[in-house]
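Trainee: Before I ask anything, let me first share the structure, which is written out below as structure tokens.
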Amino acid sequence: MYFKEMDIDQRTKKALKERGFQKATEVQESAIPWAMKGDVIVQAKTGSGKTLAFLIPIFEKIKGNENDAIILVPTRELAQQVEKEAKAIAKHHGIRTVAIYGGVSMDAQVKALPAGVIVGTPGRVMDLMRRKHLDLSKTKIFVLDEADRMLDMGFIDDIRWILSKTNPNRRMMLFSATMPPEIQRLARRYMKKPKNILLSEDSISPDAIKQYYVECTERTKMNKLVGLLREDPGKYLIFCNTKVRVQSLAKRLRGQGFPAHEIHGDMRQGSRTRVMNDFKAGKVNILIATDVASRGIDVHGITHVVNYDVPRYPKDYVHRIGRTGRMDRDGKAITFVTPEDDEFLRRIEEYMERRIKRMDIEDGRVEEKEDYRRYADVYGMVHVRFTLATEAGEWDIVREAEKNGIAEDSIGKIDIHGKRGTMKVHYRHADKIAKIPLFEEFKIQRGS
Ligand code: ADP
Ligand code: MG
């Protein structure tokens, strides 16, 4: 459906046209009419256009009086981003907007209050309410954006507190990529007969993303990443599990001549905003981040999301890779997996109900590889059937295997009967079987 055919304010239509938006996305088309009538709970995947699904109805309902609408979001970056979208519409209505979030001085934010539309993070909103700078007793619309993320970040009590001090007759909208029980309880407690709009969940990630994993060790990781950056250039968002690892990777990449930038929670808000804007504008094409940046940030044209570290929770994996492949664009998600990470990779695959393909980066080539995990037994061993090219014993095979990079402790039982035989090898070394010159033929099979 085209926005111009929708029953919404002309000024909003003008703003949408200016932004180049013509057709409503699925979530917008289904949520907007209901949101104009009453409370709504909307579950739709990341990148589906939820922001406009609540902004458009807001501007149908408010006149721009004091603190008419408040939108709670989990992170500072998201507060800035949503406020920017709100402002683009608000200016056509003559309504003022403000973003309030922590990490910066309160003064400017206090001066901008009251405003018609407030976008804020729970901590700073609570702070300003306690200091009597912010009064939500007449607020008409209350939006919770990325509700599941707020739950993850431990904001649920803050949200309850804020809600308990907000005009009880307000309208409420709740947006989330998933609907954990805690969020459902919150909705039952604070919302009035909400309409549930359930589109596809985030749990299965969009098909637009090609997902790969790369076997590596802590020692080979860096070289493989450098190989990838050289061979498959693009706009990279690279995740590490800790701030310290973000900093150290950024430094090492810069040392190798890559203009890598970093973003994490310890940086001053000013620098974070600057880096984000440069990344958006394409001035920075390699950004290394902690999970802080992984949710809600909408940057166009990210071609590669790299998990330099495997995230510890499958949910974080989904959030991270959701930064690419947005709005019908193709993207790649590449996860570096050390032997210690195998278990986490398996959990991610279980959660997503899909297999991640294997690729390797070696000698300047990036290519898809056979995934030998499929053949591995519970000990990670695959079964190799071979025919010998010359007469050889067990120890000849071990020696040749070791020469070609297969560690002795990755080799299991070897049986030889005349020219034929079998051996077990850890799946991470299965590629190297082909290099053993003693074999005329071999076949890798499921271990038992
Ligand atoms: P979500 O909150 O569901 O993750 P966003 O609201 O951040 O998604 O939207 C994702 C991207 O899609 C943004 O860049 C936004 O500008 C763009 N977008 C939203 N609605 C439309 C539309 N109707 N037509 C084209 N692009 C849109
Ligand atoms: Mg969103």
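Simple scheme: letters A, B, ... for chains in structure tokens order, numbers from 1 for residues in each chain, numbers from 1 for ligands in the order shown.
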Name the residues of stretch 64-197 of chain A that come out as alpha helix (DSSP H) in a backbone DSSP run; write them as a PyMOL selection string.
Mentor: chain A and resi 76-93+107-111+122-130+147-152+156-164+181-190
Trainee: So which residues touch A:Leu72 within 10 Å, counting only C-alpha atoms, skipping near sequence neighbours fewer than 3 positions away, as a PyMOL selection string?
Mentor: chain A and resi 75+78-79+82+100+118-123+125+142-147+150+159+162+174
Trainee: Can you pull out every residue within 9 Å of stretch 12-14 of chain A, counting only C-alpha atoms, but drop anything in the same chain fewer than 2 positions away, and send it as a list in words?
Mentor: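 Contacts, in chain order: Phe3, Lys4, Met6, Ile8, Asp9, Gln10, Leu16, Lys17, Glu18, Arg19, Ile56, Phe59, Glu60, Ile89, Ala90, His92 and His93 of chain A.
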Trainee: Please list as a PyMOL selection string every residue within 12 Å of A:Lys63, counting only C-alpha atoms and excluding residues in the same chain fewer than 4 positions away.
Mentor: chain A and resi 58-59+67-69+90+93-96+115-117+139-141
Trainee: Selection from above, N, CA, C and O atoms, as a PDB file, in the first residue's frame, can you write it?
Mentor:
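For reference, part-v6.pdb as written:
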```
ATOM      1  N   ILE A  58       1.678   8.397  15.968  1.00  0.00           N
ATOM      2  CA  ILE A  58       1.898   9.445  16.965  1.00  0.00           C
ATOM      3  C   ILE A  58       1.459  10.796  16.410  1.00  0.00           C
ATOM      4  O   ILE A  58       0.732  11.551  17.056  1.00  0.00           O
ATOM      5  N   PHE A  59       1.867  11.080  15.177  1.00  0.00           N
ATOM      6  CA  PHE A  59       1.546  12.402  14.625  1.00  0.00           C
ATOM      7  C   PHE A  59       0.085  12.530  14.204  1.00  0.00           C
ATOM      8  O   PHE A  59      -0.384  13.619  13.912  1.00  0.00           O
ATOM      9  N   ASN A  67       5.040  17.272  26.311  1.00  0.00           N
ATOM     10  CA  ASN A  67       5.333  15.852  26.513  1.00  0.00           C
ATOM     11  C   ASN A  67       4.199  14.924  26.085  1.00  0.00           C
ATOM     12  O   ASN A  67       3.868  13.984  26.785  1.00  0.00           O
ATOM     13  N   ASP A  68       3.614  15.230  24.925  1.00  0.00           N
ATOM     14  CA  ASP A  68       2.502  14.451  24.401  1.00  0.00           C
ATOM     15  C   ASP A  68       2.864  12.987  24.163  1.00  0.00           C
ATOM     16  O   ASP A  68       2.060  12.107  24.422  1.00  0.00           O
ATOM     17  N   ALA A  69       4.039  12.780  23.625  1.00  0.00           N
ATOM     18  CA  ALA A  69       4.426  11.395  23.319  1.00  0.00           C
ATOM     19  C   ALA A  69       5.810  11.104  23.848  1.00  0.00           C
ATOM     20  O   ALA A  69       6.708  11.947  23.760  1.00  0.00           O
ATOM     21  N   ALA A  90       8.088  15.653  12.372  1.00  0.00           N
ATOM     22  CA  ALA A  90       7.600  16.666  13.313  1.00  0.00           C
ATOM     23  C   ALA A  90       7.725  18.081  12.765  1.00  0.00           C
ATOM     24  O   ALA A  90       6.853  18.921  12.991  1.00  0.00           O
ATOM     25  N   HIS A  93       4.828  19.398  11.100  1.00  0.00           N
ATOM     26  CA  HIS A  93       3.662  19.634  11.972  1.00  0.00           C
ATOM     27  C   HIS A  93       3.916  20.798  12.922  1.00  0.00           C
ATOM     28  O   HIS A  93       3.075  21.111  13.735  1.00  0.00           O
ATOM     29  N   GLY A  94       5.103  21.362  12.874  1.00  0.00           N
ATOM     30  CA  GLY A  94       5.462  22.420  13.816  1.00  0.00           C
ATOM     31  C   GLY A  94       5.572  21.888  15.239  1.00  0.00           C
ATOM     32  O   GLY A  94       5.255  22.575  16.206  1.00  0.00           O
ATOM     33  N   ILE A  95       5.996  20.636  15.375  1.00  0.00           N
ATOM     34  CA  ILE A  95       6.108  20.017  16.704  1.00  0.00           C
ATOM     35  C   ILE A  95       7.586  19.825  17.033  1.00  0.00           C
ATOM     36  O   ILE A  95       8.378  19.476  16.163  1.00  0.00           O
ATOM     37  N   ARG A  96       7.929  20.066  18.287  1.00  0.00           N
ATOM     38  CA  ARG A  96       9.332  19.915  18.687  1.00  0.00           C
ATOM     39  C   ARG A  96       9.612  18.513  19.215  1.00  0.00           C
ATOM     40  O   ARG A  96       8.771  17.883  19.845  1.00  0.00           O
ATOM     41  N   ALA A 115       8.732  18.953  25.287  1.00  0.00           N
ATOM     42  CA  ALA A 115       8.673  18.868  23.838  1.00  0.00           C
ATOM     43  C   ALA A 115       7.481  18.014  23.448  1.00  0.00           C
ATOM     44  O   ALA A 115       6.932  17.292  24.286  1.00  0.00           O
ATOM     45  N   GLY A 116       7.077  18.077  22.208  1.00  0.00           N
ATOM     46  CA  GLY A 116       5.927  17.305  21.747  1.00  0.00           C
ATOM     47  C   GLY A 116       6.231  15.815  21.733  1.00  0.00           C
ATOM     48  O   GLY A 116       5.428  14.995  22.136  1.00  0.00           O
ATOM     49  N   VAL A 117       7.432  15.484  21.255  1.00  0.00           N
ATOM     50  CA  VAL A 117       7.826  14.071  21.201  1.00  0.00           C
ATOM     51  C   VAL A 117       9.178  13.893  21.877  1.00  0.00           C
ATOM     52  O   VAL A 117      10.145  14.574  21.531  1.00  0.00           O
ATOM     53  N   THR A 139       0.889  12.863  29.399  1.00  0.00           N
ATOM     54  CA  THR A 139       1.334  12.207  28.169  1.00  0.00           C
ATOM     55  C   THR A 139       0.220  11.396  27.520  1.00  0.00           C
ATOM     56  O   THR A 139      -0.534  10.702  28.206  1.00  0.00           O
ATOM     57  N   LYS A 140       0.101  11.503  26.208  1.00  0.00           N
ATOM     58  CA  LYS A 140      -0.995  10.810  25.512  1.00  0.00           C
ATOM     59  C   LYS A 140      -0.563   9.480  24.905  1.00  0.00           C
ATOM     60  O   LYS A 140      -1.355   8.560  24.792  1.00  0.00           O
ATOM     61  N   ILE A 141       0.706   9.404  24.492  1.00  0.00           N
ATOM     62  CA  ILE A 141       1.159   8.157  23.868  1.00  0.00           C
ATOM     63  C   ILE A 141       2.485   7.707  24.462  1.00  0.00           C
ATOM     64  O   ILE A 141       3.424   8.511  24.613  1.00  0.00           O
TER      65      ILE A 141
END
```
Trainee: Ligand 1: which residues are within 10 Å, counting only C-alpha atoms and all ligand atoms? Reply as a PyMOL selection string.
Mentor: chain A and resi 1-3+16+19-29+42-55+78+81-82+85+145-146+175-177+202+295-301+322-323+326-328
Trainee: Write out as a tab-separated table the residues of stretch 178-249 of chain A that have any atom within 12 Å of an atom of stretch 423-436 of chain A, one row each with the nearest atom pair and its distance in Å to one decimal, counting only C-alpha atoms, sorted by chain and then rising number.
Mentor:
```
residue	atom	partner	partner_atom	distance
A:Val214	CA	A:Arg428	CA	10.6
A:Glu215	CA	A:Arg428	CA	7.4
A:Cys216	CA	A:Arg428	CA	9.2
A:Thr217	CA	A:Arg428	CA	10.7
```
Trainee: Smallest atom-to-atom distance to ligand 2: which of A:Ile71, A:Leu134, A:Val40, A:Ala376, using only C-alpha atoms and all ligand atoms?
Mentor: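 Counting only C-alpha atoms and all ligand atoms, the residue closest to ligand 2 is A:Ile71.
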Trainee: For each of A:Leu438, A:Met267, A:Val378, A:Val73, take the minimum atom-to-atom distance to ligand 2, counting only C-alpha atoms and all ligand atoms, then give the residue where this is smallest.
Mentor: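 Comparing A:Leu438, A:Met267, A:Val378, A:Val73 against ligand 2, the winner is A:Val73.
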Trainee: Could you give me, as a short mmCIF file (atom, residue, chain, number, x, y, z; two decimals) with all heavy atoms, in the first residue's frame, each residue of stretch 50-235 of chain A that DSSP assigns to strand (DSSP E or B) when run on this structure's backbone?
Mentor:
```cif
data_model
loop_
_atom_site.label_atom_id
_atom_site.label_comp_id
_atom_site.auth_asym_id
_atom_site.auth_seq_id
_atom_site.Cartn_x
_atom_site.Cartn_y
_atom_site.Cartn_z
N ALA A 69 4.04 12.78 23.62
CA ALA A 69 4.43 11.39 23.32
C ALA A 69 5.81 11.10 23.85
O ALA A 69 6.71 11.95 23.76
CB ALA A 69 4.40 11.17 21.81
N ILE A 70 5.98 9.92 24.42
CA ILE A 70 7.32 9.50 24.83
C ILE A 70 7.63 8.12 24.25
O ILE A 70 6.79 7.22 24.24
CB ILE A 70 7.52 9.52 26.36
CG1 ILE A 70 8.96 9.09 26.69
CG2 ILE A 70 6.49 8.63 27.08
CD1 ILE A 70 9.51 9.64 27.95
N ILE A 71 8.82 8.00 23.73
CA ILE A 71 9.27 6.73 23.15
C ILE A 71 10.49 6.28 23.94
O ILE A 71 11.49 7.01 24.01
CB ILE A 71 9.68 6.93 21.67
CG1 ILE A 71 8.50 7.49 20.86
CG2 ILE A 71 10.19 5.62 21.06
CD1 ILE A 71 8.90 8.21 19.59
N LEU A 72 10.40 5.13 24.57
CA LEU A 72 11.56 4.60 25.31
C LEU A 72 12.32 3.62 24.43
O LEU A 72 11.73 2.73 23.82
CB LEU A 72 11.12 3.88 26.59
CG LEU A 72 10.60 4.74 27.74
CD1 LEU A 72 10.37 3.85 28.97
CD2 LEU A 72 11.55 5.87 28.08
N THR A 97 10.84 18.04 18.96
CA THR A 97 11.24 16.71 19.45
C THR A 97 12.53 16.86 20.26
O THR A 97 13.26 17.83 20.09
CB THR A 97 11.53 15.75 18.28
OG1 THR A 97 12.60 16.30 17.51
CG2 THR A 97 10.33 15.56 17.39
N VAL A 98 12.78 15.92 21.14
CA VAL A 98 14.05 15.93 21.87
C VAL A 98 14.49 14.50 22.15
O VAL A 98 13.67 13.60 22.33
CB VAL A 98 13.93 16.75 23.19
CG1 VAL A 98 12.90 16.14 24.13
CG2 VAL A 98 15.28 16.83 23.90
N ALA A 99 15.81 14.29 22.12
CA ALA A 99 16.36 12.99 22.50
C ALA A 99 17.01 13.15 23.86
O ALA A 99 17.80 14.08 24.06
CB ALA A 99 17.39 12.53 21.48
N ILE A 100 16.67 12.29 24.81
CA ILE A 100 17.32 12.37 26.12
C ILE A 100 17.96 11.03 26.47
O ILE A 100 17.31 9.99 26.43
CB ILE A 100 16.35 12.87 27.23
CG1 ILE A 100 15.13 11.98 27.37
CG2 ILE A 100 15.89 14.28 26.95
CD1 ILE A 100 14.16 12.51 28.41
N VAL A 117 7.43 15.48 21.25
CA VAL A 117 7.83 14.07 21.20
C VAL A 117 9.18 13.89 21.88
O VAL A 117 10.15 14.57 21.53
CB VAL A 117 7.92 13.56 19.74
CG1 VAL A 117 8.39 12.11 19.70
CG2 VAL A 117 6.59 13.72 19.02
N ILE A 118 9.21 13.01 22.86
CA ILE A 118 10.45 12.75 23.57
C ILE A 118 10.92 11.33 23.23
O ILE A 118 10.13 10.39 23.28
CB ILE A 118 10.21 12.83 25.10
CG1 ILE A 118 9.75 14.25 25.45
CG2 ILE A 118 11.47 12.46 25.88
CD1 ILE A 118 9.08 14.31 26.80
N VAL A 119 12.19 11.21 22.89
CA VAL A 119 12.75 9.87 22.68
C VAL A 119 13.87 9.72 23.70
O VAL A 119 14.79 10.53 23.75
CB VAL A 119 13.35 9.73 21.26
CG1 VAL A 119 13.78 8.28 21.03
CG2 VAL A 119 12.36 10.16 20.20
N GLY A 120 13.78 8.68 24.54
CA GLY A 120 14.78 8.62 25.60
C GLY A 120 15.13 7.21 26.05
O GLY A 120 14.39 6.26 25.79
N ILE A 141 0.71 9.40 24.49
CA ILE A 141 1.16 8.16 23.87
C ILE A 141 2.48 7.71 24.46
O ILE A 141 3.42 8.51 24.61
CB ILE A 141 1.32 8.32 22.35
CG1 ILE A 141 -0.01 8.75 21.73
CG2 ILE A 141 1.81 7.01 21.72
CD1 ILE A 141 0.00 8.80 20.23
N PHE A 142 2.54 6.44 24.79
CA PHE A 142 3.74 5.86 25.38
C PHE A 142 4.19 4.70 24.47
O PHE A 142 3.43 3.77 24.21
CB PHE A 142 3.39 5.32 26.77
CG PHE A 142 4.58 4.98 27.62
CD1 PHE A 142 4.97 5.80 28.66
CD2 PHE A 142 5.31 3.81 27.37
CE1 PHE A 142 6.07 5.48 29.46
CE2 PHE A 142 6.41 3.49 28.15
CZ PHE A 142 6.79 4.32 29.20
N VAL A 143 5.42 4.80 23.98
CA VAL A 143 5.92 3.73 23.10
C VAL A 143 7.12 3.04 23.74
O VAL A 143 8.03 3.71 24.24
CB VAL A 143 6.36 4.30 21.72
CG1 VAL A 143 6.89 3.17 20.82
CG2 VAL A 143 5.21 5.03 21.03
N LEU A 144 7.09 1.73 23.73
CA LEU A 144 8.27 0.95 24.12
C LEU A 144 8.85 0.35 22.86
O LEU A 144 8.21 -0.50 22.24
CB LEU A 144 7.87 -0.20 25.05
CG LEU A 144 7.66 0.08 26.52
CD1 LEU A 144 7.35 -1.24 27.22
CD2 LEU A 144 8.90 0.70 27.11
N ARG A 171 -2.31 6.17 25.63
CA ARG A 171 -2.28 5.09 24.66
C ARG A 171 -0.91 4.42 24.77
O ARG A 171 0.07 5.10 25.07
CB ARG A 171 -2.33 5.75 23.32
CG ARG A 171 -3.22 5.41 22.19
CD ARG A 171 -4.14 4.34 22.26
NE ARG A 171 -5.52 4.75 22.03
CZ ARG A 171 -5.97 5.36 20.95
NH1 ARG A 171 -5.17 5.67 19.97
NH2 ARG A 171 -7.23 5.65 20.83
N MET A 172 -0.84 3.13 24.48
CA MET A 172 0.47 2.50 24.57
C MET A 172 0.75 1.60 23.36
O MET A 172 -0.13 0.92 22.87
CB MET A 172 0.55 1.68 25.86
CG MET A 172 1.97 1.33 26.21
SD MET A 172 2.04 0.69 27.90
CE MET A 172 3.48 -0.33 27.74
N MET A 173 1.99 1.65 22.91
CA MET A 173 2.41 0.76 21.82
C MET A 173 3.70 0.07 22.25
O MET A 173 4.58 0.70 22.82
CB MET A 173 2.73 1.56 20.55
CG MET A 173 1.60 2.36 19.99
SD MET A 173 2.13 3.03 18.40
CE MET A 173 1.71 4.74 18.64
N LEU A 174 3.76 -1.21 21.96
CA LEU A 174 4.93 -1.98 22.35
C LEU A 174 5.50 -2.69 21.11
O LEU A 174 4.77 -3.39 20.41
CB LEU A 174 4.53 -2.99 23.43
CG LEU A 174 5.60 -3.80 24.14
CD1 LEU A 174 5.08 -4.22 25.50
CD2 LEU A 174 6.00 -5.03 23.36
N PHE A 175 6.77 -2.48 20.85
CA PHE A 175 7.43 -3.08 19.69
C PHE A 175 8.57 -3.96 20.13
O PHE A 175 9.35 -3.59 21.01
CB PHE A 175 7.96 -2.00 18.74
CG PHE A 175 6.88 -1.29 18.02
CD1 PHE A 175 6.12 -0.32 18.66
CD2 PHE A 175 6.58 -1.62 16.71
CE1 PHE A 175 5.08 0.31 18.01
CE2 PHE A 175 5.54 -0.99 16.05
CZ PHE A 175 4.79 -0.02 16.69
N SER A 176 8.66 -5.12 19.51
CA SER A 176 9.70 -6.04 19.93
C SER A 176 9.98 -7.03 18.80
O SER A 176 9.09 -7.33 18.01
CB SER A 176 9.22 -6.78 21.19
OG SER A 176 10.31 -7.30 21.90
N LYS A 195 -4.17 -4.88 20.70
CA LYS A 195 -4.26 -5.69 19.48
C LYS A 195 -2.86 -6.27 19.24
O LYS A 195 -1.87 -5.53 19.23
CB LYS A 195 -4.68 -4.80 18.31
CG LYS A 195 -4.53 -5.42 16.95
CD LYS A 195 -5.62 -6.43 16.69
CE LYS A 195 -5.35 -7.15 15.37
NZ LYS A 195 -6.20 -8.33 15.21
N ASN A 196 -2.82 -7.59 19.08
CA ASN A 196 -1.53 -8.24 18.81
C ASN A 196 -1.27 -8.34 17.33
O ASN A 196 -2.06 -8.92 16.60
CB ASN A 196 -1.54 -9.66 19.38
CG ASN A 196 -1.09 -9.66 20.82
OD1 ASN A 196 0.09 -9.48 21.10
ND2 ASN A 196 -2.03 -9.82 21.73
N ILE A 197 -0.19 -7.78 16.89
CA ILE A 197 0.16 -7.90 15.48
C ILE A 197 1.46 -8.67 15.41
O ILE A 197 2.51 -8.18 15.86
CB ILE A 197 0.28 -6.51 14.83
CG1 ILE A 197 -1.09 -5.84 14.88
CG2 ILE A 197 0.80 -6.62 13.41
CD1 ILE A 197 -1.06 -4.37 14.65
N LEU A 198 1.36 -9.90 14.90
CA LEU A 198 2.50 -10.78 14.97
C LEU A 198 3.01 -11.10 13.58
O LEU A 198 2.38 -11.85 12.85
CB LEU A 198 2.07 -12.05 15.71
CG LEU A 198 3.18 -12.81 16.38
CD1 LEU A 198 2.65 -13.43 17.66
CD2 LEU A 198 3.73 -13.89 15.48
N ILE A 209 20.72 -12.84 4.23
CA ILE A 209 22.08 -12.91 4.77
C ILE A 209 22.70 -14.28 4.51
O ILE A 209 22.14 -15.29 4.88
CB ILE A 209 22.07 -12.65 6.29
CG1 ILE A 209 21.37 -11.33 6.59
CG2 ILE A 209 23.49 -12.65 6.84
CD1 ILE A 209 21.13 -11.09 8.06
N LYS A 210 23.85 -14.27 3.88
CA LYS A 210 24.58 -15.53 3.70
C LYS A 210 25.47 -15.72 4.91
O LYS A 210 26.29 -14.86 5.23
CB LYS A 210 25.45 -15.46 2.44
CG LYS A 210 24.65 -15.36 1.17
CD LYS A 210 25.52 -15.79 0.00
CE LYS A 210 24.82 -15.54 -1.31
NZ LYS A 210 24.90 -14.10 -1.72
N GLN A 211 25.30 -16.87 5.57
CA GLN A 211 26.04 -17.07 6.81
C GLN A 211 27.13 -18.12 6.67
O GLN A 211 26.90 -19.19 6.14
CB GLN A 211 25.07 -17.53 7.90
CG GLN A 211 23.98 -16.50 8.17
CD GLN A 211 22.97 -17.04 9.13
OE1 GLN A 211 23.32 -17.49 10.23
NE2 GLN A 211 21.72 -17.02 8.75
N TYR A 212 28.31 -17.75 7.15
CA TYR A 212 29.45 -18.65 7.08
C TYR A 212 30.18 -18.70 8.41
O TYR A 212 30.11 -17.75 9.19
CB TYR A 212 30.46 -18.16 6.04
CG TYR A 212 29.93 -18.13 4.64
CD1 TYR A 212 29.48 -16.94 4.09
CD2 TYR A 212 29.90 -19.28 3.87
CE1 TYR A 212 29.00 -16.90 2.80
CE2 TYR A 212 29.42 -19.26 2.57
CZ TYR A 212 28.97 -18.06 2.03
OH TYR A 212 28.49 -18.03 0.76
N TYR A 213 30.89 -19.79 8.62
CA TYR A 213 31.84 -19.79 9.72
C TYR A 213 33.20 -20.16 9.18
O TYR A 213 33.33 -20.78 8.11
CB TYR A 213 31.40 -20.76 10.83
CG TYR A 213 31.68 -22.21 10.58
CD1 TYR A 213 32.84 -22.81 11.08
CD2 TYR A 213 30.80 -23.00 9.85
CE1 TYR A 213 33.10 -24.14 10.84
CE2 TYR A 213 31.06 -24.33 9.61
CZ TYR A 213 32.21 -24.91 10.11
OH TYR A 213 32.48 -26.22 9.87
N VAL A 214 34.24 -19.73 9.88
CA VAL A 214 35.61 -19.98 9.47
C VAL A 214 36.32 -20.64 10.64
O VAL A 214 36.33 -20.10 11.75
CB VAL A 214 36.34 -18.65 9.14
CG1 VAL A 214 37.80 -18.90 8.80
CG2 VAL A 214 35.64 -17.92 8.00
N GLU A 215 36.89 -21.80 10.41
CA GLU A 215 37.66 -22.46 11.47
C GLU A 215 38.98 -21.73 11.63
O GLU A 215 39.66 -21.44 10.65
CB GLU A 215 37.92 -23.92 11.10
CG GLU A 215 36.69 -24.78 11.24
CD GLU A 215 36.89 -26.18 10.65
OE1 GLU A 215 38.00 -26.49 10.20
OE2 GLU A 215 35.91 -26.93 10.64
#
```
Trainee: Calculate how many Å separate atom CA of A:Thr273 from atom CA of A:Arg254, rounding to one decimal.
Mentor: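 Atom CA of A:Arg254 lies at a distance of 20.7 Å from atom CA of A:Thr273.
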Trainee: Using only C-alpha atoms and all ligand atoms, which of A:Arg170, A:Arg149, A:Lys165, A:Arg385 sits nearest ligand 2?
Mentor: A:Arg149
Trainee: Which polymer residues have any atom within 12 Å of an atom of A:Glu367, counting only C-alpha atoms, with same-chain residues fewer than 2 positions away left out, as an mmCIF file with N, CA, C and O atoms, in the first residue's frame?
Mentor:
```cif
data_model
loop_
_atom_site.group_PDB
_atom_site.id
_atom_site.type_symbol
_atom_site.label_atom_id
_atom_site.label_comp_id
_atom_site.auth_asym_id
_atom_site.auth_seq_id
_atom_site.Cartn_x
_atom_site.Cartn_y
_atom_site.Cartn_z
ATOM 1 N N TYR A 212 28.306 -17.750 7.145
ATOM 2 C CA TYR A 212 29.449 -18.655 7.080
ATOM 3 C C TYR A 212 30.175 -18.699 8.413
ATOM 4 O O TYR A 212 30.110 -17.749 9.192
ATOM 5 N N TYR A 213 30.894 -19.788 8.619
ATOM 6 C CA TYR A 213 31.841 -19.794 9.724
ATOM 7 C C TYR A 213 33.202 -20.158 9.177
ATOM 8 O O TYR A 213 33.332 -20.780 8.115
ATOM 9 N N VAL A 214 34.238 -19.728 9.880
ATOM 10 C CA VAL A 214 35.612 -19.979 9.474
ATOM 11 C C VAL A 214 36.315 -20.644 10.643
ATOM 12 O O VAL A 214 36.334 -20.098 11.752
ATOM 13 N N LYS A 224 43.486 -14.474 9.032
ATOM 14 C CA LYS A 224 42.319 -14.826 8.223
ATOM 15 C C LYS A 224 41.436 -13.594 8.029
ATOM 16 O O LYS A 224 40.914 -13.373 6.941
ATOM 17 N N GLY A 227 43.041 -11.445 5.457
ATOM 18 C CA GLY A 227 42.808 -12.048 4.143
ATOM 19 C C GLY A 227 41.413 -11.742 3.625
ATOM 20 O O GLY A 227 41.216 -11.411 2.450
ATOM 21 N N LEU A 228 40.446 -11.821 4.516
ATOM 22 C CA LEU A 228 39.055 -11.541 4.142
ATOM 23 C C LEU A 228 38.889 -10.080 3.723
ATOM 24 O O LEU A 228 38.299 -9.775 2.694
ATOM 25 N N GLU A 231 40.484 -9.653 0.282
ATOM 26 C CA GLU A 231 39.895 -10.376 -0.842
ATOM 27 C C GLU A 231 38.443 -10.014 -1.096
ATOM 28 O O GLU A 231 37.952 -10.150 -2.201
ATOM 29 N N ASP A 232 37.761 -9.598 -0.071
ATOM 30 C CA ASP A 232 36.335 -9.339 -0.222
ATOM 31 C C ASP A 232 36.003 -7.986 0.402
ATOM 32 O O ASP A 232 35.343 -7.904 1.428
ATOM 33 N N LYS A 357 27.168 -22.372 6.812
ATOM 34 C CA LYS A 357 28.136 -22.988 5.897
ATOM 35 C C LYS A 357 29.564 -22.666 6.294
ATOM 36 O O LYS A 357 29.818 -21.654 6.934
ATOM 37 N N ARG A 358 30.446 -23.520 5.850
ATOM 38 C CA ARG A 358 31.845 -23.296 6.166
ATOM 39 C C ARG A 358 32.540 -22.561 5.029
ATOM 40 O O ARG A 358 32.284 -22.839 3.853
ATOM 41 N N MET A 359 33.386 -21.631 5.358
ATOM 42 C CA MET A 359 34.267 -21.055 4.345
ATOM 43 C C MET A 359 35.655 -20.977 4.937
ATOM 44 O O MET A 359 35.850 -21.104 6.143
ATOM 45 N N ASP A 360 36.638 -20.813 4.059
ATOM 46 C CA ASP A 360 37.982 -20.659 4.596
ATOM 47 C C ASP A 360 38.698 -19.549 3.860
ATOM 48 O O ASP A 360 38.374 -19.212 2.727
ATOM 49 N N ILE A 361 39.654 -18.971 4.536
ATOM 50 C CA ILE A 361 40.455 -17.896 3.980
ATOM 51 C C ILE A 361 41.883 -18.351 4.124
ATOM 52 O O ILE A 361 42.394 -18.460 5.236
ATOM 53 N N GLU A 362 42.481 -18.691 3.003
ATOM 54 C CA GLU A 362 43.819 -19.244 3.054
ATOM 55 C C GLU A 362 44.566 -18.790 1.822
ATOM 56 O O GLU A 362 44.002 -18.781 0.720
ATOM 57 N N ASP A 363 45.828 -18.455 1.977
ATOM 58 C CA ASP A 363 46.665 -18.038 0.856
ATOM 59 C C ASP A 363 45.943 -17.034 -0.051
ATOM 60 O O ASP A 363 45.943 -17.161 -1.261
ATOM 61 N N GLY A 364 45.303 -16.058 0.586
ATOM 62 C CA GLY A 364 44.671 -15.012 -0.203
ATOM 63 C C GLY A 364 43.422 -15.445 -0.956
ATOM 64 O O GLY A 364 42.955 -14.741 -1.830
ATOM 65 N N ARG A 365 42.875 -16.611 -0.632
ATOM 66 C CA ARG A 365 41.636 -17.022 -1.285
ATOM 67 C C ARG A 365 40.540 -17.178 -0.249
ATOM 68 O O ARG A 365 40.764 -17.683 0.837
ATOM 69 N N LYS A 369 33.860 -24.172 1.705
ATOM 70 C CA LYS A 369 34.514 -25.467 1.905
ATOM 71 C C LYS A 369 33.496 -26.489 2.392
ATOM 72 O O LYS A 369 32.468 -26.141 2.961
ATOM 73 N N GLU A 370 33.840 -27.735 2.186
ATOM 74 C CA GLU A 370 33.029 -28.829 2.728
ATOM 75 C C GLU A 370 32.992 -28.710 4.258
ATOM 76 O O GLU A 370 34.023 -28.446 4.890
#
```
